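Source file: upload03.txt (compact mmCIF, C-alpha atoms)
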# COMPACT_ATOMS: atom_id res chain seq x y z
CA MET A 258 101.87 112.01 64.75
CA SER A 259 104.13 113.72 62.26
CA GLU A 260 106.41 111.94 59.79
CA LYS A 261 109.43 113.50 61.44
CA MET A 262 108.55 112.04 64.78
CA LYS A 263 108.09 108.57 63.27
CA GLU A 264 111.50 108.90 61.62
CA ASN A 265 113.03 109.87 64.93
CA ILE A 266 111.59 106.80 66.60
CA LEU A 267 112.82 104.52 63.83
CA GLU A 268 116.27 106.10 64.02
CA SER A 269 116.59 105.69 67.76
CA SER A 270 115.66 102.01 67.63
CA VAL A 271 118.22 101.18 64.96
CA ASN A 272 121.01 102.54 67.08
CA PRO A 273 120.29 102.35 70.79
CA MET A 274 123.08 104.81 71.51
CA VAL A 275 121.35 107.61 69.61
CA GLY A 276 119.63 110.02 71.93
CA LEU A 277 115.87 109.94 72.24
CA PRO A 278 113.87 112.18 69.95
CA HIS A 279 112.64 115.43 71.39
CA ALA A 280 109.16 115.04 72.66
CA GLU A 281 106.96 116.46 70.01
CA ILE A 282 103.39 116.94 71.06
CA SER A 283 100.97 115.25 68.73
CA LYS A 284 97.91 117.32 68.09
CA HIS A 285 95.18 114.73 68.32
CA LYS A 286 93.71 114.23 71.78
CA GLU A 287 91.73 111.20 72.76
CA HIS A 288 90.17 112.65 75.87
CA ASP A 289 86.53 112.15 76.53
CA GLY A 290 85.02 115.25 78.17
CA THR A 291 82.83 113.42 80.70
CA GLU A 292 85.64 111.02 81.60
CA VAL A 293 87.96 113.94 82.38
CA ALA A 294 85.34 115.71 84.52
CA ALA A 295 84.70 112.58 86.61
CA LEU A 296 88.43 112.02 87.06
CA SER A 297 89.14 115.66 88.02
CA SER A 298 86.63 115.63 90.86
CA LYS A 299 88.31 112.48 92.23
CA LEU A 300 91.77 114.03 91.82
CA ALA A 301 90.71 117.10 93.80
CA GLU A 302 89.81 114.84 96.74
CA MET A 303 93.13 112.97 96.82
CA PRO A 304 95.36 113.57 99.85
CA GLU A 305 97.92 116.37 99.64
CA TYR A 306 100.78 114.16 100.92
CA GLU A 307 103.63 113.66 98.44
CA MET A 308 106.00 110.77 99.02
CA VAL A 309 108.53 111.72 96.34
CA HIS A 310 110.65 114.88 96.59
CA LYS A 311 111.23 117.09 93.58
CA GLY A 312 114.31 116.44 91.46
CA THR A 313 114.66 112.65 91.42
CA GLY A 314 117.25 110.95 89.24
CA ALA A 315 114.63 109.20 87.10
CA CYS A 316 114.44 109.73 83.34
CA ALA A 317 112.13 112.46 82.11
CA GLY A 318 108.58 111.14 81.89
CA CYS A 319 109.35 108.03 83.98
CA PRO A 320 106.13 106.42 85.24
CA SER A 321 107.76 104.96 88.36
CA PRO A 322 107.69 108.20 90.41
CA MET A 323 104.16 108.86 89.07
CA GLY A 324 103.01 105.50 90.42
CA LEU A 325 104.88 105.97 93.71
CA ARG A 326 103.25 109.38 94.21
CA ILE A 327 99.79 107.82 93.98
CA VAL A 328 100.77 104.90 96.22
CA GLY A 329 102.29 107.35 98.73
CA LYS A 330 99.10 109.38 98.81
CA VAL A 331 97.18 106.33 100.02
CA LEU A 332 99.71 104.71 102.34
CA GLY A 333 100.94 107.98 103.87
CA PRO A 334 104.07 108.66 105.91
CA ASN A 335 103.56 105.68 108.23
CA SER A 336 104.99 103.13 105.81
CA VAL A 337 108.23 101.38 104.88
CA VAL A 338 109.27 100.43 101.37
CA VAL A 339 111.58 97.64 100.23
CA MET A 340 113.32 97.96 96.88
CA THR A 341 115.68 95.76 94.93
CA PRO A 342 118.17 96.99 92.33
CA SER A 343 116.01 98.80 89.80
CA CYS A 344 115.55 102.15 88.09
CA THR A 345 113.76 103.45 91.15
CA VAL A 346 116.72 102.69 93.40
CA ALA A 347 119.10 104.24 90.88
CA SER A 348 116.97 107.38 90.87
CA THR A 349 116.69 107.61 94.67
CA GLY A 350 119.95 109.53 94.85
CA MET A 351 123.29 108.89 96.45
CA MET A 352 124.24 108.76 100.10
CA PRO A 353 123.39 110.77 102.20
CA LYS A 354 120.46 111.99 100.09
CA SER A 355 117.20 110.22 99.32
CA CYS A 356 114.24 111.48 97.32
CA PHE A 357 111.69 109.46 99.32
CA LYS A 358 110.17 110.77 102.52
CA ILE A 359 109.70 107.29 103.99
CA PRO A 360 112.32 104.67 104.97
CA VAL A 361 113.64 102.78 101.95
CA LEU A 362 115.49 99.50 102.33
CA ASN A 363 117.50 98.41 99.32
CA CYS A 364 118.05 94.65 99.48
CA ALA A 365 119.49 91.93 97.24
CA PHE A 366 117.65 91.23 94.00
CA ALA A 367 116.08 87.89 94.88
CA SER A 368 115.08 88.73 98.43
CA ALA A 369 112.47 91.51 98.18
CA ALA A 370 109.56 89.43 99.47
CA ALA A 371 111.67 87.73 102.14
CA THR A 372 112.94 91.11 103.42
CA ALA A 373 109.43 92.55 103.55
CA THR A 374 108.31 89.42 105.43
CA GLY A 375 111.07 90.05 107.97
CA ILE A 376 110.12 93.70 108.43
CA THR A 377 106.42 93.05 108.83
CA GLY A 378 107.17 90.17 111.25
CA ALA A 379 109.47 92.41 113.29
CA TYR A 380 106.78 95.10 113.55
CA ASP A 381 104.27 92.49 114.69
CA ALA A 382 106.69 91.33 117.40
CA LEU A 383 107.53 94.89 118.52
CA ILE A 384 103.85 95.78 118.77
CA GLU A 385 103.13 92.60 120.73
CA LYS A 386 105.96 93.40 123.16
CA GLY A 387 104.77 96.99 123.49
CA ALA A 388 108.07 98.38 122.20
CA ILE A 389 106.27 100.63 119.72
CA SER A 390 102.84 102.17 119.92
CA GLY A 391 100.43 103.51 117.33
CA PRO A 392 99.18 101.85 114.18
CA LYS A 393 101.43 99.34 112.45
CA PRO A 394 103.36 100.89 109.55
CA THR A 395 102.37 99.58 106.12
CA VAL A 396 105.19 97.55 104.64
CA PHE A 397 105.30 97.50 100.87
CA THR A 398 107.73 96.71 98.08
CA TRP A 399 108.32 98.58 94.83
CA ILE A 400 110.03 96.09 92.54
CA GLY A 401 110.57 96.04 88.80
CA ASP A 402 109.37 93.21 86.61
CA GLY A 403 112.83 91.58 86.63
CA GLY A 404 112.78 91.28 90.40
CA THR A 405 109.22 89.96 90.28
CA TYR A 406 108.85 87.76 87.21
CA ASP A 407 112.31 86.20 87.15
CA ILE A 408 114.76 86.72 89.96
CA GLY A 409 112.44 87.36 92.89
CA PHE A 410 109.70 84.91 92.00
CA GLN A 411 110.43 82.10 94.47
CA GLY A 412 110.47 84.55 97.40
CA LEU A 413 107.28 86.18 96.13
CA SER A 414 105.50 82.86 95.72
CA ALA A 415 106.57 81.72 99.17
CA ALA A 416 105.44 84.97 100.80
CA ALA A 417 102.07 84.68 99.05
CA GLU A 418 101.66 81.12 100.29
CA ARG A 419 102.54 82.16 103.87
CA ASN A 420 100.09 85.08 103.54
CA ASP A 421 102.60 87.54 105.02
CA ASP A 422 101.18 90.94 105.83
CA PHE A 423 102.59 93.34 103.23
CA ILE A 424 101.79 94.78 99.81
CA PHE A 425 103.97 93.64 96.91
CA PHE A 426 103.98 96.24 94.14
CA CYS A 427 105.51 95.29 90.83
CA TYR A 428 106.01 98.15 88.40
CA ASN A 429 106.17 96.46 85.06
CA ASN A 430 108.05 98.14 82.23
CA GLU A 431 108.45 94.82 80.40
CA ALA A 432 112.29 94.57 80.53
CA TYR A 433 115.31 95.12 82.78
CA GLY A 434 115.32 98.90 82.39
CA ASN A 435 118.06 99.86 84.82
CA THR A 436 120.78 97.83 83.08
CA GLY A 437 119.81 99.02 79.60
CA MET A 438 116.75 96.97 78.56
CA GLN A 439 117.52 93.27 78.58
CA ARG A 440 114.69 90.81 78.05
CA SER A 441 112.72 89.68 81.06
CA GLY A 442 109.86 87.27 81.59
CA ALA A 443 107.50 90.21 81.12
CA THR A 444 108.84 91.25 77.70
CA PRO A 445 106.19 90.60 75.06
CA ARG A 446 106.87 88.56 71.94
CA HIS A 447 108.59 90.35 68.99
CA ALA A 448 109.96 93.18 71.18
CA ILE A 449 113.56 94.21 70.51
CA THR A 450 115.78 94.36 73.57
CA THR A 451 119.57 94.39 73.85
CA THR A 452 119.57 90.63 74.44
CA THR A 453 116.94 89.90 71.77
CA PRO A 454 118.12 92.09 68.87
CA GLY A 455 116.04 90.02 66.43
CA GLY A 456 112.90 90.37 68.52
CA LYS A 457 111.87 88.12 71.41
CA THR A 458 110.67 84.75 70.16
CA GLU A 459 108.85 83.63 73.33
CA ASN A 460 105.58 84.76 74.84
CA LYS A 461 105.52 86.63 78.14
CA LYS A 462 104.49 85.09 81.44
CA ASN A 463 101.10 85.95 82.80
CA LEU A 464 102.29 86.55 86.33
CA PRO A 465 99.18 88.33 87.70
CA ILE A 466 97.18 85.15 86.87
CA LEU A 467 99.83 83.04 88.63
CA MET A 468 99.44 85.27 91.70
CA LEU A 469 95.66 84.94 91.41
CA GLU A 470 96.09 81.16 91.59
CA HIS A 471 97.94 81.61 94.91
CA GLN A 472 94.51 82.60 96.27
CA CYS A 473 96.08 85.33 98.40
CA ALA A 474 94.19 88.14 100.11
CA TYR A 475 94.24 90.62 97.24
CA VAL A 476 95.63 90.59 93.71
CA ALA A 477 95.16 93.43 91.25
CA THR A 478 96.56 94.80 88.03
CA ALA A 479 96.66 98.56 87.48
CA SER A 480 98.26 101.11 85.20
CA VAL A 481 99.88 104.48 85.88
CA SER A 482 97.71 105.86 83.09
CA TYR A 483 94.61 105.18 85.21
CA PRO A 484 95.51 107.01 88.45
CA GLN A 485 92.03 106.86 89.93
CA ASP A 486 91.86 103.09 89.42
CA LEU A 487 95.33 102.65 90.96
CA PHE A 488 94.40 104.89 93.91
CA ARG A 489 91.22 102.90 94.59
CA LYS A 490 93.04 99.56 94.41
CA VAL A 491 95.83 100.66 96.77
CA ALA A 492 93.23 102.07 99.20
CA LYS A 493 91.40 98.74 99.12
CA ALA A 494 94.63 96.80 99.63
CA LYS A 495 95.61 99.00 102.57
CA ASP A 496 92.59 97.87 104.59
CA ILE A 497 93.13 94.17 103.90
CA LYS A 498 95.39 92.08 106.13
CA GLY A 499 97.58 89.45 104.54
CA PHE A 500 99.52 89.21 101.31
CA ARG A 501 98.51 91.68 98.64
CA TYR A 502 99.92 91.88 95.12
CA ILE A 503 99.42 94.87 92.82
CA GLU A 504 101.09 95.05 89.43
CA VAL A 505 101.39 98.51 87.90
CA HIS A 506 101.92 98.71 84.15
CA SER A 507 104.56 101.40 83.47
CA PRO A 508 105.49 102.20 79.86
CA CYS A 509 109.20 103.10 79.67
CA GLY A 510 110.33 105.86 77.30
CA PRO A 511 113.90 104.76 76.52
CA GLY A 512 113.07 101.05 76.67
CA TRP A 513 110.01 101.07 74.48
CA LYS A 514 111.64 103.64 72.18
CA ILE A 515 108.82 106.11 72.52
CA PRO A 516 109.11 109.87 73.16
CA TRP A 517 109.07 110.77 76.85
CA SER A 518 105.77 112.58 76.53
CA GLU A 519 103.99 109.44 75.31
CA THR A 520 104.45 107.20 78.39
CA ILE A 521 100.98 107.89 79.80
CA ASP A 522 99.34 107.71 76.38
CA MET A 523 101.01 104.36 75.66
CA GLY A 524 99.71 102.99 78.97
CA LYS A 525 96.18 104.00 77.96
CA ARG A 526 96.61 102.38 74.56
CA ALA A 527 97.85 99.16 76.20
CA VAL A 528 94.63 98.97 78.21
CA LYS A 529 92.36 100.05 75.38
CA THR A 530 93.80 97.50 72.95
CA GLY A 531 93.46 94.75 75.56
CA ALA A 532 97.21 94.14 75.67
CA TRP A 533 97.07 94.98 79.39
CA ALA A 534 94.04 93.84 81.38
CA LEU A 535 92.74 95.67 84.46
CA TRP A 536 91.23 93.41 87.12
CA GLU A 537 91.27 92.70 90.83
CA ALA A 538 90.59 89.66 92.98
CA GLU A 539 89.89 89.27 96.68
CA ASN A 540 90.68 85.78 98.00
CA GLY A 541 90.62 84.49 94.45
CA ASN A 542 87.24 86.05 93.54
CA LEU A 543 87.83 87.87 90.30
CA THR A 544 86.34 91.21 89.22
CA ILE A 545 87.30 92.60 85.82
CA ASN A 546 87.41 96.40 85.75
CA ALA A 547 86.38 98.83 83.05
CA PRO A 548 87.37 99.19 80.26
CA THR A 549 88.87 95.67 80.09
CA LEU A 550 85.52 94.01 80.92
CA GLN A 551 83.71 95.82 78.10
CA ILE A 552 86.49 94.97 75.65
CA ALA A 553 86.49 91.31 76.70
CA GLN A 554 82.70 91.08 76.39
CA GLY A 555 82.82 92.69 72.97
CA LYS A 556 80.70 95.68 74.04
CA VAL A 557 83.50 98.12 73.23
CA LYS A 558 85.68 97.83 70.16
CA PRO A 559 89.34 97.62 71.21
CA ALA A 560 91.67 100.42 70.10
CA SER A 561 93.90 99.83 67.09
CA LEU A 562 96.67 97.33 67.89
CA GLU A 563 98.51 98.30 64.68
CA GLU A 564 98.90 101.85 65.98
CA TYR A 565 100.05 100.63 69.39
CA ILE A 566 102.72 98.47 67.73
CA GLU A 567 103.78 101.07 65.16
CA LEU A 568 104.25 103.81 67.73
CA GLN A 569 106.77 101.75 69.70
CA GLY A 570 110.32 101.57 68.37
CA ARG A 571 110.86 98.24 70.12
CA PHE A 572 108.42 96.61 67.65
CA ASN A 573 110.24 98.02 64.61
CA LEU A 574 111.01 94.57 63.23
CA VAL A 575 107.26 93.88 63.17
CA THR A 576 106.49 97.27 61.61
CA ARG A 577 109.05 96.73 58.84
CA SER A 578 108.41 93.04 58.31
CA PRO A 579 106.73 91.87 55.08
CA ASP A 580 104.57 89.58 57.27
CA LYS A 581 103.42 92.53 59.39
CA ASP A 582 99.71 91.89 58.90
CA LYS A 583 99.99 88.23 59.83
CA ILE A 584 102.09 88.94 62.95
CA ILE A 585 99.65 91.60 64.15
CA ALA A 586 96.69 89.29 63.45
CA ASP A 587 98.43 86.60 65.56
CA MET A 588 98.99 89.15 68.35
CA LYS A 589 95.32 90.16 68.22
CA ASP A 590 94.32 86.53 68.37
CA GLY A 591 96.55 86.01 71.42
CA ILE A 592 95.05 89.03 73.20
CA GLU A 593 91.50 87.85 72.45
CA LYS A 594 92.27 84.39 73.78
CA ASP A 595 93.79 85.85 76.97
CA LEU A 596 90.72 88.02 77.54
CA LYS A 597 88.39 85.05 76.91
CA ARG A 598 90.30 82.96 79.43
CA LEU A 599 90.02 85.83 81.90
CA LEU A 600 86.27 86.02 81.34
CA MET A 601 85.93 82.29 81.98
CA ARG A 602 87.38 82.81 85.46
CA LEU A 603 84.52 85.07 86.51
CA MET B 59 106.03 105.87 114.21
CA ASN B 60 106.08 106.64 117.92
CA THR B 61 108.80 104.89 119.88
CA ASN B 62 108.51 104.79 123.65
CA GLU B 63 112.18 105.49 124.23
CA LYS B 64 113.90 107.84 121.87
CA LYS B 65 116.85 106.21 120.19
CA GLU B 66 119.60 107.95 118.29
CA ILE B 67 119.61 107.25 114.56
CA LEU B 68 122.62 105.18 113.66
CA GLN B 69 124.69 106.70 110.88
CA PRO B 70 125.00 106.32 107.97
CA VAL B 71 121.36 106.89 107.05
CA SER B 72 120.18 108.78 103.99
CA MET B 73 117.86 111.70 104.66
CA PRO B 74 115.07 112.88 102.37
CA VAL B 75 115.98 116.08 100.56
CA GLU B 76 114.84 117.93 97.50
CA GLY B 77 116.94 117.65 94.37
CA VAL B 78 118.94 114.46 94.88
CA ALA B 79 120.02 114.68 91.25
CA GLY B 80 120.70 118.43 91.43
CA PHE B 81 118.64 120.96 89.53
CA THR B 82 117.32 118.60 86.88
CA SER B 83 116.20 121.51 84.69
CA ALA B 84 119.69 121.22 83.17
CA TRP B 85 118.51 118.02 81.45
CA ARG B 86 115.76 119.58 79.41
CA SER B 87 115.57 120.97 75.92
CA GLN B 88 112.08 122.43 76.23
CA TRP B 89 109.97 123.92 79.00
CA PRO B 90 106.23 123.95 79.68
CA LYS B 91 104.36 127.26 79.59
CA LEU B 92 100.91 127.34 81.13
CA ASP B 93 98.14 129.48 79.69
CA SER B 94 96.04 130.10 82.82
CA GLU B 95 93.11 131.39 80.78
CA LYS B 96 92.77 128.15 78.83
CA CYS B 97 93.28 125.96 81.94
CA ASN B 98 90.06 124.31 83.13
CA GLY B 99 91.56 122.94 86.35
CA CYS B 100 91.13 119.24 85.52
CA LEU B 101 94.34 118.41 87.49
CA LEU B 102 95.57 115.80 85.00
CA CYS B 103 98.93 117.60 84.72
CA TRP B 104 99.21 117.65 88.51
CA ILE B 105 98.69 113.89 88.90
CA PHE B 106 100.84 112.88 85.93
CA CYS B 107 103.87 115.11 86.64
CA PRO B 108 106.55 112.59 87.70
CA GLU B 109 108.42 115.22 89.67
CA THR B 110 105.57 116.74 91.70
CA LEU B 111 106.31 120.13 90.15
CA ILE B 112 102.80 121.36 89.40
CA SER B 113 100.83 122.90 92.23
CA ARG B 114 97.29 121.65 92.73
CA GLU B 115 96.02 125.11 93.72
CA ASP B 116 97.09 127.33 90.82
CA ARG B 117 98.92 124.88 88.50
CA SER B 118 102.12 126.92 88.76
CA ILE B 119 105.15 124.92 87.59
CA ASP B 120 108.44 124.69 89.47
CA LEU B 121 110.83 125.04 86.55
CA ARG B 122 113.96 124.50 88.66
CA TYR B 123 113.48 120.72 88.45
CA CYS B 124 111.41 120.34 85.27
CA LYS B 125 113.05 117.80 82.93
CA GLY B 126 110.88 118.83 79.99
CA CYS B 127 109.23 115.44 79.50
CA ALA B 128 106.06 117.15 78.19
CA VAL B 129 103.68 114.59 79.72
CA CYS B 130 101.69 117.54 81.14
CA ALA B 131 101.34 119.13 77.70
CA ARG B 132 100.51 115.80 76.06
CA GLU B 133 97.80 114.91 78.57
CA CYS B 134 96.22 118.38 78.87
CA PRO B 135 92.73 118.00 77.34
CA VAL B 136 92.47 121.70 76.43
CA ASN B 137 96.05 122.32 75.20
CA ALA B 138 96.67 124.89 77.94
CA ILE B 139 100.33 123.88 78.28
CA GLU B 140 102.69 124.66 75.46
CA MET B 141 106.24 123.31 75.20
CA ILE B 142 108.77 125.97 74.26
CA ARG B 143 112.32 125.26 73.23
CA GLU B 144 114.93 126.15 75.80
CA GLY B 145 116.22 129.70 75.46
CA GLU B 146 113.08 130.99 73.74
CA GLU B 147 110.29 132.94 75.32
Re-express the file's structure as structure tokens.
Amino acid sequence: MSEKMKENILESSVNPMVGLPHAEISKHKEHDGTEVAALSSKLAEMPEYEMVHKGTGACAGCPSPMGLRIVGKVLGPNSVVVMTPSCTVASTGMMPKSCFKIPVLNCAFASAAATATGITGAYDALIEKGAISGPKPTVFTWIGDGGTYDIGFQGLSAAAERNDDFIFFCYNNEAYGNTGMQRSGATPRHAITTTTPGGKTENKKNLPILMLEHQCAYVATASVSYPQDLFRKVAKAKDIKGFRYIEVHSPCGPGWKIPWSETIDMGKRAVKTGAWALWEAENGNLTINAPTLQIAQGKVKPASLEEYIELQGRFNLVTRSPDKDKIIADMKDGIEKDLKRLLMRL
Amino acid sequence: MNTNEKKEILQPVSMPVEGVAGFTSAWRSQWPKLDSEKCNGCLLCWIFCPETLISREDRSIDLRYCKGCAVCARECPVNAIEMIREGEE
């Protein structure tokens, strides 16, 4: 990464009103040749179906439509999605246009899980009465971390306990992105948001673990940067009946103060540093996926956390702090402890 | 979904169309140029394009909606996509 690009990032985080830096392509590539070849053959087999039309209202480089494309490829046209106020809803377009090829229901912030419960229950009743024929449409939600971690949590927890038949997707960009990046329960410690200008002082919730403790049919964490992993998890969830929860890590360009082109790269770094863990659990039986398992077991050295922090403008107060080394050592310690705790659940 | 009796759709209902935000190419300051000779067909650009603009068959890019995010160029393992500033060839 060039000095100019670093300056741009620093500039944009000092004044949130300054436009984002132009995406400048850094020259170094971290791709592993064999990894790419294995992924390409899987990509060539993916279904042709695209759920998202061209020309959405999302920011350039937004991972939400990327994730929805992969989800749509698995679930297909016979599905219904519930959304609460979020970036995705804002980018759907205005009446009478919609960029999604499937029915989208936009409901109140706290009621995503309750609404999906109603829809799936109604389909069950209609099928039982013979009012509709054919396979039951897949009901799923696409909710931001605000609507999952904070506002929508009681509905989510209740739906998980009732084991209602739908998939709850949370796309986690670690703040309330649509309203201009306010802190949420998913925001990590030390991150600058508009409501925590001095850096967040609290740790984030570990919601996927909370959902794991609900012992529901399927719980998984995924990342848009690992499309094959996400595809496999959604395909697995599709065949399971009952409540399924999948959290998709989605680095946000404007919110994390990173250039638009870096969203996918930052997602990879999050996984490779251990800051985001990839795992899945069926009925509470945990499986940790690669590369998180290898990092947790100490077989693979985690990627540099310093770089991950320095590249993000939202951690500028850490980067510029005189206690930078100590703060990053604490963060590393926290990540290691989290991974150890995850290993103990196996 | 197959319904036994066909019911009229109650208005107002939004319909799926291309370009809900107009031609989003107006947002960009740079555009991606593909070098087909360098391309090894790994499809990473196709899967990561948020706007579904890259074709899986020949990797041609629909520039009408391209916002110039440069994720395709960043993720290309062989540097086959180059970002060029708007207005330049």
Checklist line | Residue with smallest distance to chain B - pool A:Gly409, A:Pro511, A:Gly333, A:Pro394, counting only C-alpha atoms | finding: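 Closest to chain B, using only C-alpha atoms: A:Pro394.
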Note to self: Here is a test: counting all atoms listed in the file, which residue of A:Val396, A:Met303, A:Ala294, A:Leu535 is nearest to Pro334 of chain A?
What the structure shows: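 Of all the options, A:Val396 lies closest to Pro334 of chain A.
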At most 8 Å to chain A: residues in chain B, only C-alpha atoms, as a PDB file with C-alpha atoms, keeping the file's coordinate frame:
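As a result, selection22.pdb now contains:
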ATOM      1  CA  MET B  59     106.030 105.870 114.210  1.00  0.00           C
ATOM      2  CA  ASN B  60     106.080 106.640 117.920  1.00  0.00           C
ATOM      3  CA  THR B  61     108.800 104.890 119.880  1.00  0.00           C
ATOM      4  CA  ASN B  62     108.510 104.790 123.650  1.00  0.00           C
ATOM      5  CA  PRO B  70     125.000 106.320 107.970  1.00  0.00           C
ATOM      6  CA  VAL B  71     121.360 106.890 107.050  1.00  0.00           C
ATOM      7  CA  SER B  72     120.180 108.780 103.990  1.00  0.00           C
ATOM      8  CA  MET B  73     117.860 111.700 104.660  1.00  0.00           C
ATOM      9  CA  PRO B  74     115.070 112.880 102.370  1.00  0.00           C
ATOM     10  CA  VAL B  75     115.980 116.080 100.560  1.00  0.00           C
ATOM     11  CA  GLU B  76     114.840 117.930  97.500  1.00  0.00           C
ATOM     12  CA  GLY B  77     116.940 117.650  94.370  1.00  0.00           C
ATOM     13  CA  VAL B  78     118.940 114.460  94.880  1.00  0.00           C
ATOM     14  CA  ALA B  79     120.020 114.680  91.250  1.00  0.00           C
ATOM     15  CA  GLY B  80     120.700 118.430  91.430  1.00  0.00           C
ATOM     16  CA  PHE B  81     118.640 120.960  89.530  1.00  0.00           C
ATOM     17  CA  THR B  82     117.320 118.600  86.880  1.00  0.00           C
ATOM     18  CA  SER B  87     115.570 120.970  75.920  1.00  0.00           C
ATOM     19  CA  GLY B  99      91.560 122.940  86.350  1.00  0.00           C
ATOM     20  CA  CYS B 100      91.130 119.240  85.520  1.00  0.00           C
ATOM     21  CA  LEU B 101      94.340 118.410  87.490  1.00  0.00           C
ATOM     22  CA  LEU B 102      95.570 115.800  85.000  1.00  0.00           C
ATOM     23  CA  ILE B 105      98.690 113.890  88.900  1.00  0.00           C
ATOM     24  CA  PHE B 106     100.840 112.880  85.930  1.00  0.00           C
ATOM     25  CA  CYS B 107     103.870 115.110  86.640  1.00  0.00           C
ATOM     26  CA  PRO B 108     106.550 112.590  87.700  1.00  0.00           C
ATOM     27  CA  GLU B 109     108.420 115.220  89.670  1.00  0.00           C
ATOM     28  CA  THR B 110     105.570 116.740  91.700  1.00  0.00           C
ATOM     29  CA  LEU B 111     106.310 120.130  90.150  1.00  0.00           C
ATOM     30  CA  TYR B 123     113.480 120.720  88.450  1.00  0.00           C
ATOM     31  CA  CYS B 124     111.410 120.340  85.270  1.00  0.00           C
ATOM     32  CA  LYS B 125     113.050 117.800  82.930  1.00  0.00           C
ATOM     33  CA  GLY B 126     110.880 118.830  79.990  1.00  0.00           C
ATOM     34  CA  CYS B 127     109.230 115.440  79.500  1.00  0.00           C
ATOM     35  CA  ALA B 128     106.060 117.150  78.190  1.00  0.00           C
ATOM     36  CA  VAL B 129     103.680 114.590  79.720  1.00  0.00           C
ATOM     37  CA  CYS B 130     101.690 117.540  81.140  1.00  0.00           C
ATOM     38  CA  ALA B 131     101.340 119.130  77.700  1.00  0.00           C
ATOM     39  CA  ARG B 132     100.510 115.800  76.060  1.00  0.00           C
ATOM     40  CA  GLU B 133      97.800 114.910  78.570  1.00  0.00           C
ATOM     41  CA  PRO B 135      92.730 118.000  77.340  1.00  0.00           C
TER      42      PRO B 135
END
Margin query: Need to verify the contact set: Leu568 of chain A, 9 Å, only C-alpha atoms, exclusion of same-chain residues closer than 2 positions in sequence. Can you return it as a PyMOL selection string?
Written below: chain A and resi 263+266+514-515+523+563-566+570-573
Next item on the list: Could you give me, as a ChimeraX atom specification, the residues within 6 Å of Arg501 of chain A, counting only C-alpha atoms and dropping anything in the same chain fewer than 5 positions from it?
Entry: /A:424,474-476
Next item on the list: Go ahead and compute the interatomic distance for atom CA of Ile119 of chain B and atom CA of Leu487 of chain A, in Å to one decimal.
Entry: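 Between atom CA of Ile119 of chain B and atom CA of Leu487 of chain A the gap is 24.6 Å.
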Next item on the list: Have a look at atom CA of Phe488 of chain A and atom CA of Glu302 of chain A and let me know their distance in Å, one decimal.
Entry: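 Computing the Euclidean distance for atom CA of Phe488 of chain A and atom CA of Glu302 of chain A yields 11.3 Å.
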